[in-house]
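Single-structure report; data block below.
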There are 2 protein chains.
Amino acid sequence: MTPDTPVQILDAYATAVYARDVDALLALYHPDVTVYDMWESWLYDGRDAWRGMVEGWFGSLGDGRVEVTFDNVRSTATPELALVHAFVTYTGQSASGERLRAMNNRVSMTLVPEGDRWLIQHEHSSAPAQFETGKVSLQRPV
Amino acid sequence: MTPDTPVQILDAYATAVYARDVDALLALYHPDVTVYDMWESWLYDGRDAWRGMVEGWFGSLGDGRVEVTFDNVRSTATPELALVHAFVTYTGQSASGERLRAMNNRVSMTLVPEGDRWLIQHEHSSAPAQFETGKVSLQRPV
């Protein structure tokens, strides 16, 4: 079977996050995934470790939702490994759909084929830090 | 020709940085490389853009040197694409070899084969940010 194109992982990611569906999101990851997440932890080593972060994140949203959009998407697909990277916007919405706040970051995903789809083998997300303050910039200049 | 193993790019990176050799470091990158660097900029798009950062960095060192070491290295090599990621320690040294300071981050490199070696097609470096302060952690807990 020919895998989906790698960039489809981004749509699947956004759909799972909007639905706050832990299992749908984790189904996009390889069991041995390594994640360098932008917040708090140096490494999530394996999907089970990553599950804890996802459960905490979705649990913290209450009735709110997070809309995820991507731009400046670049991808490279080869038969055995693929790379997708992009700028990301996370927009928080209240239960009634009101837009609350938005945050930017950057994500790089390395994918491996598994049957007819791709799974995330490694994910790295971050926002650039300012030299002077050591703080990350969460609003990307247009 | 069989390319070097992908992890050799880390030794070549460390050697070029220690030598403050701009051209040796840039020779490790594909002309169309994209870099999500941990400091200041959202994207360096292409090797020429990245050259400016490298020149500024090495120029700022004066007679000092930076020793780069890697740990927790993981890699995946396929014929057409490879992934290497690791924790990094940058140790500043004075001109006389005195250890001045050390900083940790994380790097993910995606590599493409070119003749008998690998070139960096995409690099993403960061350190995790703290929720409370928004500041990046530059010292990884042991």
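Letters A, B, ... go to the chains of the structure tokens in the order shown; residues in each chain start at 1; ligands are counted from 1 in the same order.
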
Using only C-alpha atoms, I'd like a table of the residues in chain A that come within 6 Å of chain B; for each, show the closest atom pair and its distance in Å rounded to one decimal, ordered by chain and ascending number, as a Markdown table.
```
| residue | atom | partner | partner_atom | distance |
| --- | --- | --- | --- | --- |
| A:Met38 | CA | B:Pro128 | CA | 4.9 |
| A:Trp39 | CA | B:Ala129 | CA | 4.9 |
| A:Glu40 | CA | B:Gln130 | CA | 5.2 |
| A:Pro128 | CA | B:Met38 | CA | 4.9 |
| A:Ala129 | CA | B:Trp39 | CA | 4.9 |
| A:Gln130 | CA | B:Glu40 | CA | 5.2 |
| A:Gly134 | CA | B:Lys135 | CA | 5.2 |
| A:Lys135 | CA | B:Lys135 | CA | 4.1 |
| A:Val136 | CA | B:Gly134 | CA | 6.0 |
```

Keeping only N, CA and C atoms, write the selected residues as a PDB file, in the first residue's frame.
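The resulting file, part_0.pdb, is reproduced below:
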```pdb
ATOM      1  N   MET A  38       8.160  21.637  23.516  1.00  0.00           N
ATOM      2  CA  MET A  38       8.642  22.988  23.848  1.00  0.00           C
ATOM      3  C   MET A  38       8.468  23.359  25.308  1.00  0.00           C
ATOM      4  N   TRP A  39       7.646  22.614  26.037  1.00  0.00           N
ATOM      5  CA  TRP A  39       7.376  22.978  27.428  1.00  0.00           C
ATOM      6  C   TRP A  39       7.935  21.960  28.414  1.00  0.00           C
ATOM      7  N   GLU A  40       8.629  22.461  29.413  1.00  0.00           N
ATOM      8  CA  GLU A  40       8.960  21.749  30.659  1.00  0.00           C
ATOM      9  C   GLU A  40       9.918  20.573  30.523  1.00  0.00           C
ATOM     10  N   PRO A 128      11.437  30.337  19.286  1.00  0.00           N
ATOM     11  CA  PRO A 128      12.761  30.896  19.522  1.00  0.00           C
ATOM     12  C   PRO A 128      12.814  31.712  20.807  1.00  0.00           C
ATOM     13  N   ALA A 129      13.941  31.616  21.505  1.00  0.00           N
ATOM     14  CA  ALA A 129      14.144  32.373  22.744  1.00  0.00           C
ATOM     15  C   ALA A 129      14.893  33.669  22.431  1.00  0.00           C
ATOM     16  N   GLN A 130      14.592  34.692  23.223  1.00  0.00           N
ATOM     17  CA  GLN A 130      15.295  35.965  23.087  1.00  0.00           C
ATOM     18  C   GLN A 130      16.563  35.930  23.926  1.00  0.00           C
ATOM     19  N   GLY A 134      15.889  35.535  27.757  1.00  0.00           N
ATOM     20  CA  GLY A 134      15.777  34.086  27.897  1.00  0.00           C
ATOM     21  C   GLY A 134      14.365  33.577  27.730  1.00  0.00           C
ATOM     22  N   LYS A 135      13.445  34.488  27.360  1.00  0.00           N
ATOM     23  CA  LYS A 135      12.043  34.074  27.195  1.00  0.00           C
ATOM     24  C   LYS A 135      11.743  33.672  25.753  1.00  0.00           C
ATOM     25  N   VAL A 136      10.838  32.720  25.611  1.00  0.00           N
ATOM     26  CA  VAL A 136      10.435  32.324  24.272  1.00  0.00           C
ATOM     27  C   VAL A 136       9.427  33.330  23.698  1.00  0.00           C
TER      28      VAL A 136
END
```

Chain fit, chain A moved to chain B over all Cα pairs in order, as an mmCIF file with C-alpha atoms, in the first residue's frame:
```cif
data_model
loop_
_atom_site.group_PDB
_atom_site.id
_atom_site.type_symbol
_atom_site.label_atom_id
_atom_site.label_comp_id
_atom_site.auth_asym_id
_atom_site.auth_seq_id
_atom_site.Cartn_x
_atom_site.Cartn_y
_atom_site.Cartn_z
ATOM 1 C CA MET A 1 29.524 5.063 -2.434
ATOM 2 C CA THR A 2 28.116 4.303 0.955
ATOM 3 C CA PRO A 3 27.622 7.413 3.040
ATOM 4 C CA ASP A 4 29.239 7.738 6.426
ATOM 5 C CA THR A 5 26.970 6.816 9.277
ATOM 6 C CA PRO A 6 24.710 9.768 10.053
ATOM 7 C CA VAL A 7 25.970 10.253 13.585
ATOM 8 C CA GLN A 8 29.397 11.225 12.222
ATOM 9 C CA ILE A 9 27.824 14.573 11.392
ATOM 10 C CA LEU A 10 27.923 15.328 15.119
ATOM 11 C CA ASP A 11 31.703 14.900 15.339
ATOM 12 C CA ALA A 12 32.163 17.026 12.251
ATOM 13 C CA TYR A 13 29.899 19.691 13.752
ATOM 14 C CA ALA A 14 31.881 19.739 17.018
ATOM 15 C CA THR A 15 35.220 19.893 15.206
ATOM 16 C CA ALA A 16 34.131 22.814 13.022
ATOM 17 C CA VAL A 17 32.706 24.761 15.973
ATOM 18 C CA TYR A 18 35.822 24.229 18.089
ATOM 19 C CA ALA A 19 37.936 25.497 15.180
ATOM 20 C CA ARG A 20 35.538 28.459 14.669
ATOM 21 C CA ASP A 21 35.675 27.439 10.994
ATOM 22 C CA VAL A 22 32.645 28.940 9.248
ATOM 23 C CA ASP A 23 33.261 27.179 5.931
ATOM 24 C CA ALA A 24 33.873 23.777 7.541
ATOM 25 C CA LEU A 25 30.639 24.094 9.476
ATOM 26 C CA LEU A 26 28.595 25.303 6.485
ATOM 27 C CA ALA A 27 29.972 22.428 4.391
ATOM 28 C CA LEU A 28 27.841 20.129 6.559
ATOM 29 C CA TYR A 29 24.636 21.818 5.372
ATOM 30 C CA HIS A 30 22.615 21.388 2.192
ATOM 31 C CA PRO A 31 22.242 24.641 0.217
ATOM 32 C CA ASP A 32 18.461 24.516 0.778
ATOM 33 C CA VAL A 33 18.667 23.761 4.499
ATOM 34 C CA THR A 34 15.974 25.073 6.804
ATOM 35 C CA VAL A 35 16.992 25.793 10.403
ATOM 36 C CA TYR A 36 14.698 26.358 13.360
ATOM 37 C CA ASP A 37 17.361 27.704 15.713
ATOM 38 C CA MET A 38 16.748 28.118 19.408
ATOM 39 C CA TRP A 39 17.684 31.798 19.469
ATOM 40 C CA GLU A 40 15.934 34.868 18.065
ATOM 41 C CA SER A 41 14.914 33.794 14.574
ATOM 42 C CA TRP A 42 11.905 31.708 13.560
ATOM 43 C CA LEU A 43 13.581 30.354 10.442
ATOM 44 C CA TYR A 44 16.880 30.470 8.603
ATOM 45 C CA ASP A 45 15.824 29.613 5.061
ATOM 46 C CA GLY A 46 18.822 28.311 3.119
ATOM 47 C CA ARG A 47 22.532 27.973 3.841
ATOM 48 C CA ASP A 48 23.279 31.576 2.927
ATOM 49 C CA ALA A 49 20.871 32.813 5.603
ATOM 50 C CA TRP A 50 22.381 30.371 8.102
ATOM 51 C CA ARG A 51 25.889 31.600 7.252
ATOM 52 C CA GLY A 52 25.035 34.974 8.737
ATOM 53 C CA MET A 53 24.150 33.402 12.083
ATOM 54 C CA VAL A 54 27.316 31.271 12.123
ATOM 55 C CA GLU A 55 29.566 34.208 11.242
ATOM 56 C CA GLY A 56 28.009 36.299 13.991
ATOM 57 C CA TRP A 57 28.348 33.488 16.531
ATOM 58 C CA PHE A 58 31.979 32.674 15.803
ATOM 59 C CA GLY A 59 32.831 36.377 15.542
ATOM 60 C CA SER A 60 31.406 36.950 19.018
ATOM 61 C CA LEU A 61 33.781 34.409 20.577
ATOM 62 C CA GLY A 62 36.955 36.460 20.197
ATOM 63 C CA ASP A 63 39.823 34.179 21.244
ATOM 64 C CA GLY A 64 37.507 31.891 23.163
ATOM 65 C CA ARG A 65 36.384 28.480 21.996
ATOM 66 C CA VAL A 66 33.277 26.349 22.310
ATOM 67 C CA GLU A 67 33.502 22.660 23.016
ATOM 68 C CA VAL A 68 30.416 20.760 21.836
ATOM 69 C CA THR A 69 29.523 17.340 23.203
ATOM 70 C CA PHE A 70 26.482 15.152 22.610
ATOM 71 C CA ASP A 71 24.715 12.557 24.684
ATOM 72 C CA ASN A 72 21.611 10.396 24.460
ATOM 73 C CA VAL A 73 22.210 10.260 20.692
ATOM 74 C CA ARG A 74 19.539 8.467 18.647
ATOM 75 C CA SER A 75 19.646 7.906 14.914
ATOM 76 C CA THR A 76 17.684 6.310 12.103
ATOM 77 C CA ALA A 77 19.321 5.821 8.711
ATOM 78 C CA THR A 78 17.498 4.877 5.526
ATOM 79 C CA PRO A 79 18.985 5.034 2.020
ATOM 80 C CA GLU A 80 17.539 8.448 1.183
ATOM 81 C CA LEU A 81 16.981 10.196 4.482
ATOM 82 C CA ALA A 82 18.357 9.976 8.016
ATOM 83 C CA LEU A 83 17.497 11.407 11.409
ATOM 84 C CA VAL A 84 19.934 12.143 14.235
ATOM 85 C CA HIS A 85 18.879 13.741 17.481
ATOM 86 C CA ALA A 86 20.688 14.326 20.760
ATOM 87 C CA PHE A 87 21.156 16.411 23.855
ATOM 88 C CA VAL A 88 23.946 18.930 23.373
ATOM 89 C CA THR A 89 26.350 20.631 25.784
ATOM 90 C CA TYR A 90 28.102 23.804 24.662
ATOM 91 C CA THR A 91 31.032 24.610 26.957
ATOM 92 C CA GLY A 92 32.695 27.996 26.585
ATOM 93 C CA GLN A 93 36.460 28.102 27.067
ATOM 94 C CA SER A 94 38.779 31.079 27.435
ATOM 95 C CA ALA A 95 41.752 31.451 25.086
ATOM 96 C CA SER A 96 43.863 29.667 27.719
ATOM 97 C CA GLY A 97 41.461 26.715 27.831
ATOM 98 C CA GLU A 98 39.741 27.647 31.084
ATOM 99 C CA ARG A 99 36.158 26.403 31.295
ATOM 100 C CA LEU A 100 33.855 29.427 31.552
ATOM 101 C CA ARG A 101 30.241 28.249 31.323
ATOM 102 C CA ALA A 102 28.142 25.454 29.893
ATOM 103 C CA MET A 103 24.709 25.389 28.302
ATOM 104 C CA ASN A 104 22.480 22.507 27.262
ATOM 105 C CA ASN A 105 20.033 22.208 24.436
ATOM 106 C CA ARG A 106 18.507 19.595 22.147
ATOM 107 C CA VAL A 107 19.078 19.184 18.445
ATOM 108 C CA SER A 108 17.300 17.213 15.729
ATOM 109 C CA MET A 109 18.932 16.934 12.321
ATOM 110 C CA THR A 110 17.428 15.430 9.191
ATOM 111 C CA LEU A 111 20.104 14.430 6.701
ATOM 112 C CA VAL A 112 20.207 13.671 2.984
ATOM 113 C CA PRO A 113 22.959 11.634 1.291
ATOM 114 C CA GLU A 114 25.330 13.463 -1.044
ATOM 115 C CA GLY A 115 28.019 11.182 -2.486
ATOM 116 C CA ASP A 116 29.959 9.622 0.362
ATOM 117 C CA ARG A 117 28.521 11.750 3.125
ATOM 118 C CA TRP A 118 25.386 13.205 4.645
ATOM 119 C CA LEU A 119 24.289 16.836 4.556
ATOM 120 C CA ILE A 120 21.945 18.542 6.993
ATOM 121 C CA GLN A 121 18.660 19.306 5.247
ATOM 122 C CA HIS A 122 16.783 20.457 8.337
ATOM 123 C CA GLU A 123 17.966 21.353 11.840
ATOM 124 C CA HIS A 124 15.838 22.145 14.869
ATOM 125 C CA SER A 125 17.412 23.170 18.165
ATOM 126 C CA SER A 126 15.752 24.268 21.377
ATOM 127 C CA ALA A 127 15.622 24.022 25.132
ATOM 128 C CA PRO A 128 12.338 23.467 26.967
ATOM 129 C CA ALA A 129 10.544 26.557 28.277
ATOM 130 C CA GLN A 130 9.049 26.808 31.748
ATOM 131 C CA PHE A 131 5.312 27.452 31.855
ATOM 132 C CA GLU A 132 5.483 29.874 34.773
ATOM 133 C CA THR A 133 8.222 32.178 33.542
ATOM 134 C CA GLY A 134 8.309 31.548 29.776
ATOM 135 C CA LYS A 135 12.077 31.185 30.106
ATOM 136 C CA VAL A 136 14.091 28.413 28.541
ATOM 137 C CA SER A 137 15.965 25.992 30.799
ATOM 138 C CA LEU A 138 19.615 25.931 29.787
ATOM 139 C CA GLN A 139 20.780 23.395 32.366
ATOM 140 C CA ARG A 140 19.445 19.915 31.884
ATOM 141 C CA PRO A 141 18.894 18.034 35.156
ATOM 142 C CA VAL A 142 21.271 15.079 35.487
#
```

Apply DSSP to the structure's backbone, then extract all residues of segment 31-139 of chain A labelled strand (DSSP E or B) and return them as an NGL selection string.
-> :A and (31-36 or 39 or 44-45 or 65-77 or 82-93 or 99-114 or 117-126 or 129 or 135-136)

Please write the residues from the selection above to a file, keeping C-alpha atoms, as an mmCIF file, in the first residue's frame.
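So the final result, stored in result-v2.cif, reads:
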```cif
data_model
loop_
_atom_site.group_PDB
_atom_site.id
_atom_site.type_symbol
_atom_site.label_atom_id
_atom_site.label_comp_id
_atom_site.auth_asym_id
_atom_site.auth_seq_id
_atom_site.Cartn_x
_atom_site.Cartn_y
_atom_site.Cartn_z
ATOM 1 C CA PRO A 31 5.220 3.368 20.119
ATOM 2 C CA ASP A 32 8.931 4.266 20.327
ATOM 3 C CA VAL A 33 8.463 7.951 19.513
ATOM 4 C CA THR A 34 10.810 10.493 21.033
ATOM 5 C CA VAL A 35 9.413 13.989 21.617
ATOM 6 C CA TYR A 36 11.374 17.143 22.350
ATOM 7 C CA TRP A 39 7.376 22.978 27.428
ATOM 8 C CA TYR A 44 9.263 12.224 26.306
ATOM 9 C CA ASP A 45 10.704 8.788 25.589
ATOM 10 C CA ARG A 65 -11.099 23.800 22.419
ATOM 11 C CA VAL A 66 -7.852 24.385 20.572
ATOM 12 C CA GLU A 67 -7.806 25.054 16.870
ATOM 13 C CA VAL A 68 -4.469 24.149 15.267
ATOM 14 C CA THR A 69 -3.396 25.579 11.925
ATOM 15 C CA PHE A 70 -0.129 25.253 10.026
ATOM 16 C CA ASP A 71 1.673 27.468 7.575
ATOM 17 C CA ASN A 72 4.967 27.516 5.703
ATOM 18 C CA VAL A 73 4.721 23.709 5.559
ATOM 19 C CA ARG A 74 7.715 21.906 4.036
ATOM 20 C CA SER A 75 7.993 18.177 3.512
ATOM 21 C CA THR A 76 10.334 15.548 2.131
ATOM 22 C CA ALA A 77 9.058 12.020 1.538
ATOM 23 C CA ALA A 82 9.700 11.430 5.771
ATOM 24 C CA LEU A 83 10.122 14.892 7.232
ATOM 25 C CA VAL A 84 7.386 17.490 7.714
ATOM 26 C CA HIS A 85 7.998 20.824 9.362
ATOM 27 C CA ALA A 86 5.858 23.929 9.744
ATOM 28 C CA PHE A 87 4.929 26.977 11.742
ATOM 29 C CA VAL A 88 1.977 26.255 14.006
ATOM 30 C CA THR A 89 -0.776 28.446 15.457
ATOM 31 C CA TYR A 90 -2.700 27.183 18.473
ATOM 32 C CA THR A 91 -5.884 29.208 18.985
ATOM 33 C CA GLY A 92 -7.806 28.701 22.213
ATOM 34 C CA GLN A 93 -11.593 28.842 21.976
ATOM 35 C CA ARG A 99 -11.517 33.074 20.261
ATOM 36 C CA LEU A 100 -9.529 33.548 23.476
ATOM 37 C CA ARG A 101 -5.817 33.641 22.629
ATOM 38 C CA ALA A 102 -3.356 32.395 20.051
ATOM 39 C CA MET A 103 0.198 31.119 20.313
ATOM 40 C CA ASN A 104 2.762 30.274 17.654
ATOM 41 C CA ASN A 105 5.468 27.678 17.608
ATOM 42 C CA ARG A 106 7.421 25.526 15.170
ATOM 43 C CA VAL A 107 7.223 21.786 14.753
ATOM 44 C CA SER A 108 9.408 19.234 12.982
ATOM 45 C CA MET A 109 8.118 15.691 12.598
ATOM 46 C CA THR A 110 10.024 12.704 11.271
ATOM 47 C CA LEU A 111 7.682 9.980 10.065
ATOM 48 C CA VAL A 112 7.981 6.266 9.343
ATOM 49 C CA PRO A 113 5.586 4.325 7.089
ATOM 50 C CA GLU A 114 3.278 1.793 8.726
ATOM 51 C CA ARG A 117 -0.105 5.651 6.684
ATOM 52 C CA TRP A 118 2.738 7.452 8.397
ATOM 53 C CA LEU A 119 3.506 7.476 12.112
ATOM 54 C CA ILE A 120 5.460 10.120 13.992
ATOM 55 C CA GLN A 121 8.805 8.679 15.068
ATOM 56 C CA HIS A 122 10.287 11.930 16.346
ATOM 57 C CA GLU A 123 8.720 15.316 17.091
ATOM 58 C CA HIS A 124 10.489 18.527 18.034
ATOM 59 C CA SER A 125 8.541 21.672 18.875
ATOM 60 C CA SER A 126 9.801 25.024 20.079
ATOM 61 C CA ALA A 129 14.144 32.373 22.744
ATOM 62 C CA LYS A 135 12.043 34.074 27.195
ATOM 63 C CA VAL A 136 10.435 32.324 24.272
#
```

What are the DSSP alpha helix (DSSP H) residues of chain B, as a PDB file with N, CA and C atoms, in the first residue's frame?
```pdb
ATOM      1  N   GLN B   8      28.100  10.567  12.431  1.00  0.00           N
ATOM      2  CA  GLN B   8      29.402  11.219  12.232  1.00  0.00           C
ATOM      3  C   GLN B   8      29.244  12.717  12.000  1.00  0.00           C
ATOM      4  N   ILE B   9      28.063  13.138  11.586  1.00  0.00           N
ATOM      5  CA  ILE B   9      27.839  14.574  11.394  1.00  0.00           C
ATOM      6  C   ILE B   9      28.035  15.327  12.713  1.00  0.00           C
ATOM      7  N   LEU B  10      27.795  14.649  13.832  1.00  0.00           N
ATOM      8  CA  LEU B  10      27.931  15.319  15.129  1.00  0.00           C
ATOM      9  C   LEU B  10      29.401  15.618  15.431  1.00  0.00           C
ATOM     10  N   ASP B  11      30.271  14.656  15.141  1.00  0.00           N
ATOM     11  CA  ASP B  11      31.709  14.894  15.339  1.00  0.00           C
ATOM     12  C   ASP B  11      32.202  16.020  14.436  1.00  0.00           C
ATOM     13  N   ALA B  12      31.740  15.984  13.188  1.00  0.00           N
ATOM     14  CA  ALA B  12      32.173  17.020  12.244  1.00  0.00           C
ATOM     15  C   ALA B  12      31.676  18.402  12.695  1.00  0.00           C
ATOM     16  N   TYR B  13      30.468  18.432  13.240  1.00  0.00           N
ATOM     17  CA  TYR B  13      29.899  19.686  13.761  1.00  0.00           C
ATOM     18  C   TYR B  13      30.769  20.204  14.913  1.00  0.00           C
ATOM     19  N   ALA B  14      31.094  19.324  15.852  1.00  0.00           N
ATOM     20  CA  ALA B  14      31.870  19.733  17.025  1.00  0.00           C
ATOM     21  C   ALA B  14      33.265  20.212  16.620  1.00  0.00           C
ATOM     22  N   THR B  15      33.870  19.517  15.672  1.00  0.00           N
ATOM     23  CA  THR B  15      35.214  19.891  15.217  1.00  0.00           C
ATOM     24  C   THR B  15      35.207  21.271  14.566  1.00  0.00           C
ATOM     25  N   ALA B  16      34.204  21.523  13.724  1.00  0.00           N
ATOM     26  CA  ALA B  16      34.126  22.814  13.029  1.00  0.00           C
ATOM     27  C   ALA B  16      33.844  23.953  14.009  1.00  0.00           C
ATOM     28  N   VAL B  17      32.992  23.701  14.999  1.00  0.00           N
ATOM     29  CA  VAL B  17      32.698  24.748  15.985  1.00  0.00           C
ATOM     30  C   VAL B  17      33.939  25.039  16.830  1.00  0.00           C
ATOM     31  N   TYR B  18      34.626  23.987  17.267  1.00  0.00           N
ATOM     32  CA  TYR B  18      35.814  24.211  18.101  1.00  0.00           C
ATOM     33  C   TYR B  18      36.860  25.021  17.342  1.00  0.00           C
ATOM     34  N   VAL B  22      33.978  28.703   9.854  1.00  0.00           N
ATOM     35  CA  VAL B  22      32.666  28.936   9.237  1.00  0.00           C
ATOM     36  C   VAL B  22      32.460  28.020   8.032  1.00  0.00           C
ATOM     37  N   ASP B  23      33.447  27.959   7.153  1.00  0.00           N
ATOM     38  CA  ASP B  23      33.266  27.171   5.927  1.00  0.00           C
ATOM     39  C   ASP B  23      33.165  25.676   6.220  1.00  0.00           C
ATOM     40  N   ALA B  24      33.954  25.199   7.184  1.00  0.00           N
ATOM     41  CA  ALA B  24      33.874  23.770   7.537  1.00  0.00           C
ATOM     42  C   ALA B  24      32.503  23.440   8.115  1.00  0.00           C
ATOM     43  N   LEU B  25      31.962  24.353   8.911  1.00  0.00           N
ATOM     44  CA  LEU B  25      30.634  24.084   9.469  1.00  0.00           C
ATOM     45  C   LEU B  25      29.575  24.136   8.370  1.00  0.00           C
ATOM     46  N   LEU B  26      29.627  25.154   7.531  1.00  0.00           N
ATOM     47  CA  LEU B  26      28.607  25.294   6.487  1.00  0.00           C
ATOM     48  C   LEU B  26      28.673  24.166   5.465  1.00  0.00           C
ATOM     49  N   ARG B  47      21.205  27.929   3.215  1.00  0.00           N
ATOM     50  CA  ARG B  47      22.533  27.968   3.827  1.00  0.00           C
ATOM     51  C   ARG B  47      23.107  29.369   3.881  1.00  0.00           C
ATOM     52  N   ASP B  48      22.753  30.201   2.905  1.00  0.00           N
ATOM     53  CA  ASP B  48      23.279  31.567   2.919  1.00  0.00           C
ATOM     54  C   ASP B  48      22.728  32.350   4.115  1.00  0.00           C
ATOM     55  N   ALA B  49      21.464  32.137   4.422  1.00  0.00           N
ATOM     56  CA  ALA B  49      20.884  32.795   5.597  1.00  0.00           C
ATOM     57  C   ALA B  49      21.542  32.283   6.879  1.00  0.00           C
ATOM     58  N   TRP B  50      21.775  30.990   6.921  1.00  0.00           N
ATOM     59  CA  TRP B  50      22.389  30.356   8.099  1.00  0.00           C
ATOM     60  C   TRP B  50      23.841  30.824   8.277  1.00  0.00           C
ATOM     61  N   ARG B  51      24.523  31.089   7.159  1.00  0.00           N
ATOM     62  CA  ARG B  51      25.900  31.584   7.234  1.00  0.00           C
ATOM     63  C   ARG B  51      25.994  32.852   8.091  1.00  0.00           C
ATOM     64  N   GLY B  52      25.019  33.722   7.938  1.00  0.00           N
ATOM     65  CA  GLY B  52      25.045  34.959   8.712  1.00  0.00           C
ATOM     66  C   GLY B  52      25.030  34.705  10.212  1.00  0.00           C
ATOM     67  N   MET B  53      24.216  33.723  10.640  1.00  0.00           N
ATOM     68  CA  MET B  53      24.167  33.401  12.070  1.00  0.00           C
ATOM     69  C   MET B  53      25.508  32.841  12.523  1.00  0.00           C
ATOM     70  N   VAL B  54      26.062  31.936  11.741  1.00  0.00           N
ATOM     71  CA  VAL B  54      27.317  31.271  12.115  1.00  0.00           C
ATOM     72  C   VAL B  54      28.453  32.290  12.194  1.00  0.00           C
ATOM     73  N   GLU B  55      28.521  33.174  11.217  1.00  0.00           N
ATOM     74  CA  GLU B  55      29.569  34.196  11.231  1.00  0.00           C
ATOM     75  C   GLU B  55      29.437  35.090  12.468  1.00  0.00           C
ATOM     76  N   GLY B  56      28.212  35.463  12.805  1.00  0.00           N
ATOM     77  CA  GLY B  56      28.001  36.290  13.983  1.00  0.00           C
ATOM     78  C   GLY B  56      28.388  35.570  15.266  1.00  0.00           C
ATOM     79  N   TRP B  57      28.025  34.297  15.339  1.00  0.00           N
ATOM     80  CA  TRP B  57      28.335  33.482  16.522  1.00  0.00           C
ATOM     81  C   TRP B  57      29.849  33.350  16.701  1.00  0.00           C
ATOM     82  N   PHE B  58      30.540  32.878  15.677  1.00  0.00           N
ATOM     83  CA  PHE B  58      31.989  32.674  15.799  1.00  0.00           C
ATOM     84  C   PHE B  58      32.699  34.017  16.015  1.00  0.00           C
ATOM     85  N   GLY B  59      32.196  35.060  15.350  1.00  0.00           N
ATOM     86  CA  GLY B  59      32.809  36.378  15.527  1.00  0.00           C
ATOM     87  C   GLY B  59      32.700  36.883  16.954  1.00  0.00           C
TER      88      GLY B  59
END
```
